[in-house]
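Participant: Questions regarding the structure given below will be posed in turn.
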Amino acid sequence: MTAVLLVEIAEHGADPARLDELSRRLLRDLRDLGLDAARPTAPPPAGAKSASAVAVASLLVGLAGRPALVALVNGLFGWLGPRKGNVKISCGDRSIELSAATPAEGQRLFEWLQECDQRTPEPDGERPCG
């Protein structure tokens, strides 16, 4: 079974139009990397702040196997590198938040994603990770 991650992006000082542009660009980049990614149809997650503080946009990303892990890390770090913002990834009741695209953070994210992918059970009735 594929884990479904909630990816929330934020950029300090971004208004809703800017955040929409950034989330569309990240969505396109993730899809170009071969990931199953979409914008959620549900309302924004609890805690999403208005443009007066830090704006937040969400994407849903399917995670299945090592190629997807590598693609997601590369896609998120490509997005995060030049920006003053952060990325929060949630898998079930676990989450990780990053604000810098450093090699150490890349390794930490990759290991966290591996754990999430491994916690996703086969379709035998167990509770999925995402």
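Residues are named by chain letter and number: chains run A, B, ... in the order of the structure tokens, numbers start at 1 in each chain, and ligands are numbered from 1 in the order shown.
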Please provide the set of residues having any atom within 9 Å of Ala10 (chain A), restricted to only C-alpha atoms, with same-chain residues fewer than 3 positions apart removed, written as a ChimeraX atom specification.
Facilitator: /A:14,19,54-57,84-88
Participant: Output the selection as a PDB file, in the first residue's frame - N, CA and C atoms for each residue.
Facilitator:
```pdb
ATOM      1  N   ALA A  14       4.403  35.728   2.424  1.00  0.00           N
ATOM      2  CA  ALA A  14       3.688  35.402   1.184  1.00  0.00           C
ATOM      3  C   ALA A  14       2.203  35.703   1.331  1.00  0.00           C
ATOM      4  N   LEU A  19       1.505  32.273  -2.613  1.00  0.00           N
ATOM      5  CA  LEU A  19       1.531  30.905  -2.108  1.00  0.00           C
ATOM      6  C   LEU A  19       0.872  29.952  -3.095  1.00  0.00           C
ATOM      7  N   VAL A  54       2.113  33.787   8.441  1.00  0.00           N
ATOM      8  CA  VAL A  54       2.778  32.887   7.500  1.00  0.00           C
ATOM      9  C   VAL A  54       1.706  32.111   6.772  1.00  0.00           C
ATOM     10  N   ALA A  55       1.660  32.231   5.462  1.00  0.00           N
ATOM     11  CA  ALA A  55       0.671  31.516   4.669  1.00  0.00           C
ATOM     12  C   ALA A  55       1.120  30.076   4.472  1.00  0.00           C
ATOM     13  N   VAL A  56       0.158  29.161   4.380  1.00  0.00           N
ATOM     14  CA  VAL A  56       0.441  27.739   4.237  1.00  0.00           C
ATOM     15  C   VAL A  56      -0.375  27.181   3.081  1.00  0.00           C
ATOM     16  N   ALA A  57       0.234  26.328   2.264  1.00  0.00           N
ATOM     17  CA  ALA A  57      -0.475  25.608   1.207  1.00  0.00           C
ATOM     18  C   ALA A  57      -0.146  24.135   1.366  1.00  0.00           C
ATOM     19  N   LYS A  84      12.773  31.599   1.709  1.00  0.00           N
ATOM     20  CA  LYS A  84      12.715  31.821   3.149  1.00  0.00           C
ATOM     21  C   LYS A  84      11.378  31.276   3.625  1.00  0.00           C
ATOM     22  N   GLY A  85      11.333  29.998   3.783  1.00  0.00           N
ATOM     23  CA  GLY A  85      10.100  29.350   4.192  1.00  0.00           C
ATOM     24  C   GLY A  85      10.419  28.001   4.799  1.00  0.00           C
ATOM     25  N   ASN A  86       9.394  27.171   4.885  1.00  0.00           N
ATOM     26  CA  ASN A  86       9.624  25.841   5.413  1.00  0.00           C
ATOM     27  C   ASN A  86       8.663  24.850   4.778  1.00  0.00           C
ATOM     28  N   VAL A  87       8.993  23.582   4.992  1.00  0.00           N
ATOM     29  CA  VAL A  87       8.197  22.476   4.498  1.00  0.00           C
ATOM     30  C   VAL A  87       7.904  21.577   5.679  1.00  0.00           C
ATOM     31  N   LYS A  88       6.637  21.218   5.835  1.00  0.00           N
ATOM     32  CA  LYS A  88       6.240  20.275   6.873  1.00  0.00           C
ATOM     33  C   LYS A  88       5.612  19.077   6.177  1.00  0.00           C
TER      34      LYS A  88
END
```
Participant: So which residues of chain A fall under alpha helix (DSSP H) by DSSP, listed as a short mmCIF file (atom, residue, chain, number, x, y, z; two decimals) with N, CA and C atoms, in the first residue's frame?
Facilitator:
```
data_model
loop_
_atom_site.label_atom_id
_atom_site.label_comp_id
_atom_site.auth_asym_id
_atom_site.auth_seq_id
_atom_site.Cartn_x
_atom_site.Cartn_y
_atom_site.Cartn_z
N PRO A 16 -1.75 35.11 -0.33
CA PRO A 16 -2.39 33.91 -0.90
C PRO A 16 -2.06 33.68 -2.38
N ALA A 17 -1.96 34.74 -3.18
CA ALA A 17 -1.65 34.57 -4.60
C ALA A 17 -0.23 34.03 -4.79
N ARG A 18 0.71 34.54 -4.04
CA ARG A 18 2.09 34.06 -4.13
C ARG A 18 2.17 32.60 -3.69
N LEU A 19 1.51 32.27 -2.61
CA LEU A 19 1.53 30.90 -2.11
C LEU A 19 0.87 29.95 -3.10
N ASP A 20 -0.20 30.39 -3.73
CA ASP A 20 -0.84 29.56 -4.75
C ASP A 20 0.13 29.30 -5.89
N GLU A 21 0.84 30.32 -6.32
CA GLU A 21 1.83 30.17 -7.39
C GLU A 21 2.93 29.18 -6.98
N LEU A 22 3.44 29.33 -5.75
CA LEU A 22 4.49 28.43 -5.27
C LEU A 22 4.02 26.99 -5.17
N SER A 23 2.80 26.80 -4.68
CA SER A 23 2.30 25.43 -4.53
C SER A 23 2.04 24.79 -5.89
N ARG A 24 1.57 25.57 -6.85
CA ARG A 24 1.38 25.04 -8.21
C ARG A 24 2.72 24.65 -8.84
N ARG A 25 3.73 25.48 -8.61
CA ARG A 25 5.06 25.19 -9.15
C ARG A 25 5.63 23.92 -8.51
N LEU A 26 5.51 23.80 -7.19
CA LEU A 26 6.00 22.59 -6.52
C LEU A 26 5.23 21.36 -6.99
N LEU A 27 3.92 21.49 -7.13
CA LEU A 27 3.10 20.38 -7.62
C LEU A 27 3.58 19.93 -9.00
N ARG A 28 3.80 20.87 -9.89
CA ARG A 28 4.28 20.55 -11.23
C ARG A 28 5.66 19.88 -11.17
N ASP A 29 6.55 20.42 -10.33
CA ASP A 29 7.89 19.85 -10.21
C ASP A 29 7.84 18.42 -9.68
N LEU A 30 7.01 18.16 -8.68
CA LEU A 30 6.90 16.81 -8.13
C LEU A 30 6.33 15.84 -9.15
N ARG A 31 5.33 16.29 -9.91
CA ARG A 31 4.77 15.44 -10.97
C ARG A 31 5.80 15.17 -12.06
N ASP A 32 6.59 16.19 -12.40
CA ASP A 32 7.65 16.01 -13.40
C ASP A 32 8.68 14.98 -12.94
N ARG A 66 11.76 3.37 -2.94
CA ARG A 66 12.96 4.21 -2.92
C ARG A 66 13.00 5.28 -4.02
N PRO A 67 12.64 4.99 -5.27
CA PRO A 67 12.67 6.05 -6.28
C PRO A 67 11.78 7.24 -5.90
N ALA A 68 10.63 6.96 -5.30
CA ALA A 68 9.74 8.04 -4.87
C ALA A 68 10.35 8.82 -3.72
N LEU A 69 11.04 8.13 -2.81
CA LEU A 69 11.70 8.81 -1.69
C LEU A 69 12.74 9.79 -2.21
N VAL A 70 13.58 9.32 -3.13
CA VAL A 70 14.64 10.16 -3.69
C VAL A 70 14.03 11.34 -4.44
N ALA A 71 13.01 11.08 -5.24
CA ALA A 71 12.37 12.14 -6.02
C ALA A 71 11.74 13.20 -5.10
N LEU A 72 11.10 12.75 -4.02
CA LEU A 72 10.47 13.70 -3.11
C LEU A 72 11.51 14.56 -2.41
N VAL A 73 12.59 13.96 -1.92
CA VAL A 73 13.64 14.74 -1.27
C VAL A 73 14.21 15.76 -2.26
N ASN A 74 14.52 15.31 -3.48
CA ASN A 74 15.07 16.23 -4.48
C ASN A 74 14.09 17.35 -4.82
N GLY A 75 12.82 17.01 -4.98
CA GLY A 75 11.82 18.01 -5.32
C GLY A 75 11.63 19.03 -4.22
N LEU A 76 11.54 18.56 -2.98
CA LEU A 76 11.35 19.49 -1.86
C LEU A 76 12.57 20.37 -1.64
N PHE A 77 13.76 19.78 -1.79
CA PHE A 77 14.95 20.57 -1.58
C PHE A 77 15.19 21.55 -2.71
N GLY A 78 14.77 21.20 -3.91
CA GLY A 78 14.82 22.15 -5.01
C GLY A 78 13.91 23.33 -4.76
N TRP A 79 12.76 23.07 -4.15
CA TRP A 79 11.82 24.14 -3.83
C TRP A 79 12.33 24.96 -2.65
N LEU A 80 12.82 24.29 -1.63
CA LEU A 80 13.18 24.95 -0.38
C LEU A 80 14.46 25.78 -0.50
N PRO A 103 22.76 19.15 3.39
CA PRO A 103 22.95 17.70 3.27
C PRO A 103 22.47 16.94 4.51
N ALA A 104 22.72 17.48 5.68
CA ALA A 104 22.28 16.81 6.92
C ALA A 104 20.75 16.73 6.97
N GLU A 105 20.07 17.80 6.60
CA GLU A 105 18.61 17.80 6.59
C GLU A 105 18.08 16.84 5.52
N GLY A 106 18.77 16.76 4.39
CA GLY A 106 18.37 15.82 3.34
C GLY A 106 18.45 14.39 3.83
N GLN A 107 19.51 14.05 4.52
CA GLN A 107 19.66 12.71 5.07
C GLN A 107 18.59 12.43 6.12
N ARG A 108 18.34 13.41 6.98
CA ARG A 108 17.31 13.25 8.02
C ARG A 108 15.94 13.02 7.39
N LEU A 109 15.61 13.80 6.35
CA LEU A 109 14.33 13.65 5.67
C LEU A 109 14.24 12.29 4.99
N PHE A 110 15.30 11.87 4.31
CA PHE A 110 15.28 10.59 3.61
C PHE A 110 15.05 9.45 4.60
N GLU A 111 15.74 9.46 5.74
CA GLU A 111 15.56 8.41 6.75
C GLU A 111 14.15 8.43 7.32
N TRP A 112 13.60 9.62 7.54
CA TRP A 112 12.24 9.74 8.07
C TRP A 112 11.24 9.18 7.06
N LEU A 113 11.44 9.51 5.78
CA LEU A 113 10.55 9.00 4.74
C LEU A 113 10.65 7.49 4.60
N GLN A 114 11.85 6.93 4.75
CA GLN A 114 12.01 5.48 4.71
C GLN A 114 11.19 4.82 5.82
N GLU A 115 11.25 5.38 7.02
CA GLU A 115 10.47 4.84 8.14
C GLU A 115 8.98 4.90 7.83
N CYS A 116 8.54 6.00 7.27
CA CYS A 116 7.13 6.15 6.93
C CYS A 116 6.73 5.12 5.89
N ASP A 117 7.56 4.95 4.86
CA ASP A 117 7.26 4.00 3.80
C ASP A 117 7.23 2.57 4.35
N GLN A 118 8.13 2.26 5.27
CA GLN A 118 8.17 0.92 5.86
C GLN A 118 7.00 0.67 6.80
N ARG A 119 6.48 1.72 7.41
CA ARG A 119 5.35 1.58 8.33
C ARG A 119 4.04 1.39 7.60
#
```
Participant: To one decimal in Å, tell me the separation between CA of Ala100 (chain A) and CA of His12 (chain A).
Facilitator: 13.7 Å
Participant: Interatomic distance between CA of Arg94 (chain A) and CA of Leu5 (chain A)?
Facilitator: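 Computing it gives 10.1 Å between the two atoms.
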Participant: What's the separation between CA of Ile9 (chain A) and CA of Ala37 (chain A), in Å to one decimal place?
Facilitator: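 Here the two named atoms are 13.9 Å from each other.
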Participant: Please identify all polymer residues within 7 Å of Ser58 (chain A), counting only C-alpha atoms, omitting same-chain residues fewer than 3 positions from it, and present them as a list in words.
Facilitator: Leu6, Val7, Glu8, Ile9, Arg39 and Pro40 of chain A
Participant: So, with only C-alpha atoms as the atoms that count, which of A:Leu63, A:Ile89, A:Ala101, A:Ile96 lies closest to Thr2 (chain A)?
Facilitator: A:Leu63
